[in-house]
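J.: The structure follows.
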Amino acid sequence: MIGASTGGPGHLKKILNSLKKEFKTPIIIAQHMNKNFIESFVKQFDSELPLKVSMIDSRHSVCESNIYICSKHCELLGSSFGIEVNCVDGVDSQYNPSVDHLFNSAVGLVNRFDILAVLLTGIGYDGAQAMSNLQNAGAKCIAESEKSAIVFGMPKRALELNPNILALDLDGIIQQIKIFEEK
């Protein structure tokens with residue numbers, strides 16, 4: 001999972017462009033964005049990236065080699081078939097979509113699935129508490145370091161809450177995503 005806000009689209013593009021077509025691990029992204037712009041954002045990424053990019057706007061099974069971008073608040077659900085992602089209403093958040101909501105939904109899945117959470121550049125605190133919760137549950141968590149973050153708000157807060165979260169610049173994050181894939 002990847003959460004991002006201000007500066008996120010460019011960083012996401014760099015990360016996702018670095019992945020080869022053979023990359024199998026599905027990626028679910030919560031990028032703060034007005035709902036009116038997400039569809040065109042997804043279409044642009046799908047036309048430019050080596051992996052299939054889809055918008056999540058309803059319940060959907062998560063498949064290998066796919067990138068999913070949340071159109072609104074999303075949560076992960078474990079099923080006997082793997083992981084599903086579902087959009088939900090009624091989430092109390094000033095952000096669309098809520099990174100905290102997405103990340104917190106994965107806490108209960110850590111014992112069944114390998115989870116990697118990445119918190120990129122952004123203003124505010126969204127995703128920070130949930131990333132700490134994931135780290136404490138045993139997920140691998142990475143917060144973007146001040147070295148490459150355009151706005152060192154969200155990742156800084158995550159690192160303040162939990163010093164066990166790994167802080168890496170964008171190139172280091174890319175390397176760790178590739179290592180996670182090889183496991």
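Ordering of the structure tokens sets the chain letters (A, B, ...); residue numbers start at 1 within each chain; ligands are numbered from 1 in the order shown.
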Run DSSP on the backbone and grab whatever in chain A lands in strand (DSSP E or B); send it over as a ChimeraX atom specification.
T.: /A:2-4,27-31,52-56,60-61,66-70,74-79,82-87,116-119,122,140-144,152,166-168
J.: Could you write out the selected residues, including N, CA and C atoms, as a CSV table (one decimal), in the first residue's frame?
T.:
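Everything below was put into out.csv:
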```
chain,number,residue,atom,x,y,z
A,2,ILE,N,0.4,2.3,-0.7
A,2,ILE,CA,1.1,3.5,-0.7
A,2,ILE,C,0.1,4.7,-0.4
A,3,GLY,N,0.5,5.5,0.6
A,3,GLY,CA,-0.3,6.7,0.9
A,3,GLY,C,0.5,7.9,0.5
A,4,ALA,N,-0.2,8.9,-0.1
A,4,ALA,CA,0.6,10.2,-0.5
A,4,ALA,C,-0.4,11.3,-0.5
A,27,ILE,N,-0.5,-3.4,-5.8
A,27,ILE,CA,-0.2,-2.1,-5.1
A,27,ILE,C,-1.6,-1.4,-5.0
A,28,ILE,N,-1.9,-1.0,-3.8
A,28,ILE,CA,-3.1,-0.2,-3.6
A,28,ILE,C,-2.7,1.2,-3.1
A,29,ILE,N,-3.2,2.2,-3.8
A,29,ILE,CA,-2.7,3.6,-3.5
A,29,ILE,C,-3.9,4.5,-3.1
A,30,ALA,N,-3.6,5.2,-2.0
A,30,ALA,CA,-4.5,6.3,-1.5
A,30,ALA,C,-3.7,7.6,-1.7
A,31,GLN,N,-4.1,8.3,-2.8
A,31,GLN,CA,-3.5,9.6,-3.1
A,31,GLN,C,-4.5,10.7,-2.9
A,52,LYS,N,-0.8,-2.6,-15.2
A,52,LYS,CA,-2.2,-2.2,-15.3
A,52,LYS,C,-2.6,-1.4,-14.1
A,53,VAL,N,-3.2,-0.2,-14.4
A,53,VAL,CA,-3.7,0.7,-13.3
A,53,VAL,C,-5.2,0.8,-13.4
A,54,SER,N,-5.9,0.6,-12.3
A,54,SER,CA,-7.3,0.6,-12.2
A,54,SER,C,-7.8,1.5,-11.1
A,55,MET,N,-9.0,2.1,-11.3
A,55,MET,CA,-9.6,2.9,-10.2
A,55,MET,C,-10.5,2.0,-9.4
A,56,ILE,N,-10.4,2.1,-8.1
A,56,ILE,CA,-11.3,1.3,-7.2
A,56,ILE,C,-12.4,2.2,-6.8
A,60,HIS,N,-13.6,-5.1,-5.0
A,60,HIS,CA,-12.8,-5.7,-6.1
A,60,HIS,C,-11.8,-6.6,-5.5
A,61,SER,N,-11.6,-7.8,-6.1
A,61,SER,CA,-10.5,-8.7,-5.7
A,61,SER,C,-9.2,-8.1,-6.2
A,66,ASN,N,-1.1,-5.7,-10.7
A,66,ASN,CA,-2.1,-4.6,-10.8
A,66,ASN,C,-1.8,-3.5,-9.8
A,67,ILE,N,-2.1,-2.3,-10.3
A,67,ILE,CA,-2.0,-1.1,-9.4
A,67,ILE,C,-3.4,-0.6,-9.3
A,68,TYR,N,-3.9,-0.4,-8.0
A,68,TYR,CA,-5.2,0.1,-7.8
A,68,TYR,C,-5.1,1.4,-7.1
A,69,ILE,N,-5.9,2.4,-7.6
A,69,ILE,CA,-5.9,3.7,-7.0
A,69,ILE,C,-7.3,4.0,-6.5
A,70,CYS,N,-7.4,4.3,-5.2
A,70,CYS,CA,-8.7,4.5,-4.5
A,70,CYS,C,-9.3,5.8,-5.0
A,74,CYS,N,-11.1,3.7,1.0
A,74,CYS,CA,-11.0,2.2,0.8
A,74,CYS,C,-10.5,1.5,2.0
A,75,GLU,N,-10.9,0.2,2.0
A,75,GLU,CA,-10.4,-0.7,3.0
A,75,GLU,C,-10.1,-2.0,2.4
A,76,LEU,N,-9.1,-2.7,3.0
A,76,LEU,CA,-8.7,-4.0,2.6
A,76,LEU,C,-9.5,-5.1,3.4
A,77,LEU,N,-9.9,-6.1,2.8
A,77,LEU,CA,-10.6,-7.2,3.4
A,77,LEU,C,-9.9,-8.5,3.1
A,78,GLY,N,-9.8,-9.4,4.1
A,78,GLY,CA,-9.2,-10.7,3.8
A,78,GLY,C,-10.4,-11.6,3.5
A,79,SER,N,-10.2,-12.5,2.5
A,79,SER,CA,-11.2,-13.5,2.2
A,79,SER,C,-10.4,-14.8,2.0
A,82,GLY,N,-8.0,-14.5,-0.9
A,82,GLY,CA,-6.9,-13.5,-0.9
A,82,GLY,C,-7.4,-12.2,-0.3
A,83,ILE,N,-7.0,-11.1,-0.9
A,83,ILE,CA,-7.3,-9.8,-0.4
A,83,ILE,C,-8.3,-9.1,-1.4
A,84,GLU,N,-9.3,-8.4,-0.8
A,84,GLU,CA,-10.2,-7.6,-1.6
A,84,GLU,C,-10.1,-6.2,-1.1
A,85,VAL,N,-10.4,-5.2,-2.0
A,85,VAL,CA,-10.4,-3.8,-1.6
A,85,VAL,C,-11.8,-3.3,-1.8
A,86,ASN,N,-12.3,-2.5,-0.9
A,86,ASN,CA,-13.7,-2.1,-1.0
A,86,ASN,C,-13.8,-0.6,-0.7
A,87,CYS,N,-14.6,0.2,-1.4
A,87,CYS,CA,-14.8,1.6,-1.1
A,87,CYS,C,-15.9,1.6,-0.1
A,116,LEU,N,3.3,-4.4,3.1
A,116,LEU,CA,4.3,-3.3,3.0
A,116,LEU,C,3.5,-2.1,2.9
A,117,ALA,N,3.7,-1.1,3.8
A,117,ALA,CA,3.1,0.2,3.7
A,117,ALA,C,4.1,1.3,3.5
A,118,VAL,N,3.9,2.2,2.6
A,118,VAL,CA,4.8,3.3,2.3
A,118,VAL,C,4.0,4.6,2.4
A,119,LEU,N,4.6,5.5,3.2
A,119,LEU,CA,3.9,6.8,3.4
A,119,LEU,C,4.8,7.9,2.7
A,122,GLY,N,3.6,14.7,2.0
A,122,GLY,CA,2.3,15.2,2.2
A,122,GLY,C,2.2,16.1,3.4
A,140,LYS,N,5.9,-4.4,7.3
A,140,LYS,CA,7.0,-3.6,7.0
A,140,LYS,C,6.5,-2.2,6.6
A,141,CYS,N,7.1,-1.2,7.2
A,141,CYS,CA,6.6,0.2,7.0
A,141,CYS,C,7.8,1.1,6.7
A,142,ILE,N,7.6,1.9,5.7
A,142,ILE,CA,8.6,2.9,5.2
A,142,ILE,C,7.9,4.3,5.1
A,143,ALA,N,8.6,5.2,5.7
A,143,ALA,CA,8.1,6.6,5.6
A,143,ALA,C,9.2,7.4,4.8
A,144,GLU,N,8.8,8.2,3.8
A,144,GLU,CA,9.7,8.9,3.0
A,144,GLU,C,10.5,9.9,3.9
A,152,PHE,N,7.4,17.4,4.1
A,152,PHE,CA,7.8,16.4,5.1
A,152,PHE,C,6.8,16.5,6.3
A,166,LEU,N,11.0,2.6,9.2
A,166,LEU,CA,12.2,2.9,8.3
A,166,LEU,C,12.0,4.2,7.6
A,167,ALA,N,13.0,5.1,7.6
A,167,ALA,CA,12.9,6.3,6.8
A,167,ALA,C,13.9,6.2,5.7
A,168,LEU,N,13.4,6.3,4.5
A,168,LEU,CA,14.2,6.3,3.3
A,168,LEU,C,13.8,7.3,2.3
```
J.: Show which residues sit within 9 Å of A:Asn111, as a list in words. Count only C-alpha atoms, and ignore same-chain residues fewer than 2 positions away.
T.: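 Near neighbours after the sequence-gap exclusion: Val107, Gly108, Leu109, Phe113, Asp114, Ala137, Gly138 and Ala139 of chain A.
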J.: Extract, using only C-alpha atoms, all DNA, RNA and protein residues at most 12 Å from A:Asp126, discarding same-chain residues fewer than 5 positions from it, and format them as an MDAnalysis selection string.
T.: chainID A and resid 3:6 30:32 92:104 119:121 131:132 153:158
J.: Could you please take those selected residues and save C-alpha atoms as a PDB file, in the first residue's frame?
T.:
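New file result.pdb:
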```
ATOM      1  CA  GLY A   3      -0.291   6.712   0.859  1.00  0.00           C
ATOM      2  CA  ALA A   4       0.550  10.157  -0.502  1.00  0.00           C
ATOM      3  CA  SER A   5      -0.593  13.766  -0.606  1.00  0.00           C
ATOM      4  CA  THR A   6       1.119  16.947  -1.819  1.00  0.00           C
ATOM      5  CA  ALA A  30      -4.488   6.282  -1.501  1.00  0.00           C
ATOM      6  CA  GLN A  31      -3.451   9.592  -3.113  1.00  0.00           C
ATOM      7  CA  HIS A  32      -5.190  12.662  -1.685  1.00  0.00           C
ATOM      8  CA  ASP A  92     -14.654  10.720   9.183  1.00  0.00           C
ATOM      9  CA  SER A  93     -11.692  12.292   7.375  1.00  0.00           C
ATOM     10  CA  GLN A  94     -10.944  15.626   5.781  1.00  0.00           C
ATOM     11  CA  TYR A  95      -8.895  13.808   3.138  1.00  0.00           C
ATOM     12  CA  ASN A  96     -10.046  11.871   0.094  1.00  0.00           C
ATOM     13  CA  PRO A  97      -9.146   9.080   0.245  1.00  0.00           C
ATOM     14  CA  SER A  98      -8.073   8.553   3.849  1.00  0.00           C
ATOM     15  CA  VAL A  99      -4.642   6.928   4.117  1.00  0.00           C
ATOM     16  CA  ASP A 100      -5.321   6.191   7.794  1.00  0.00           C
ATOM     17  CA  HIS A 101      -8.467   4.265   6.887  1.00  0.00           C
ATOM     18  CA  LEU A 102      -6.705   2.199   4.214  1.00  0.00           C
ATOM     19  CA  PHE A 103      -3.661   1.432   6.376  1.00  0.00           C
ATOM     20  CA  ASN A 104      -5.713   0.648   9.509  1.00  0.00           C
ATOM     21  CA  LEU A 119       3.939   6.811   3.365  1.00  0.00           C
ATOM     22  CA  LEU A 120       5.116   9.445   0.922  1.00  0.00           C
ATOM     23  CA  THR A 121       5.258  13.221   0.894  1.00  0.00           C
ATOM     24  CA  MET A 131       1.383   3.295   9.830  1.00  0.00           C
ATOM     25  CA  SER A 132       2.502   3.101  13.445  1.00  0.00           C
ATOM     26  CA  GLY A 153       4.536  16.357   7.065  1.00  0.00           C
ATOM     27  CA  MET A 154       2.839  12.960   6.931  1.00  0.00           C
ATOM     28  CA  PRO A 155       6.039  10.882   6.950  1.00  0.00           C
ATOM     29  CA  LYS A 156       7.618  13.059   9.655  1.00  0.00           C
ATOM     30  CA  ARG A 157       4.620  12.493  11.926  1.00  0.00           C
ATOM     31  CA  ALA A 158       4.788   8.722  11.345  1.00  0.00           C
TER      32      ALA A 158
END
```
J.: Take atom CA of A:Ser47 and atom CA of A:His11 and report the distance between them in Å, one decimal.
T.: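 Going from atom CA of A:Ser47 over to atom CA of A:His11, I get 16.9 Å.
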J.: Compare A:Leu134, A:Glu64, A:Pro9, A:Asn17 by their minimum atom-to-atom distance to A:Val42, counting only C-alpha atoms, and give me the closest one.
T.: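 Going through A:Leu134, A:Glu64, A:Pro9, A:Asn17 one by one, the smallest distance to A:Val42 is for A:Pro9.
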J.: If you count only C-alpha atoms, which residues fall within 12 Å of A:Lys20, apart from same-chain ones fewer than 6 positions away, as number ranges by chain?
T.: A: 49-52, 65-66, 174, 177-178, 181
J.: For atom CA of A:Ile165 and atom CA of A:Val151, quote the distance in Å rounded to one decimal.
T.: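 About the pair atom CA of A:Ile165 and atom CA of A:Val151: they are 18.0 Å apart.
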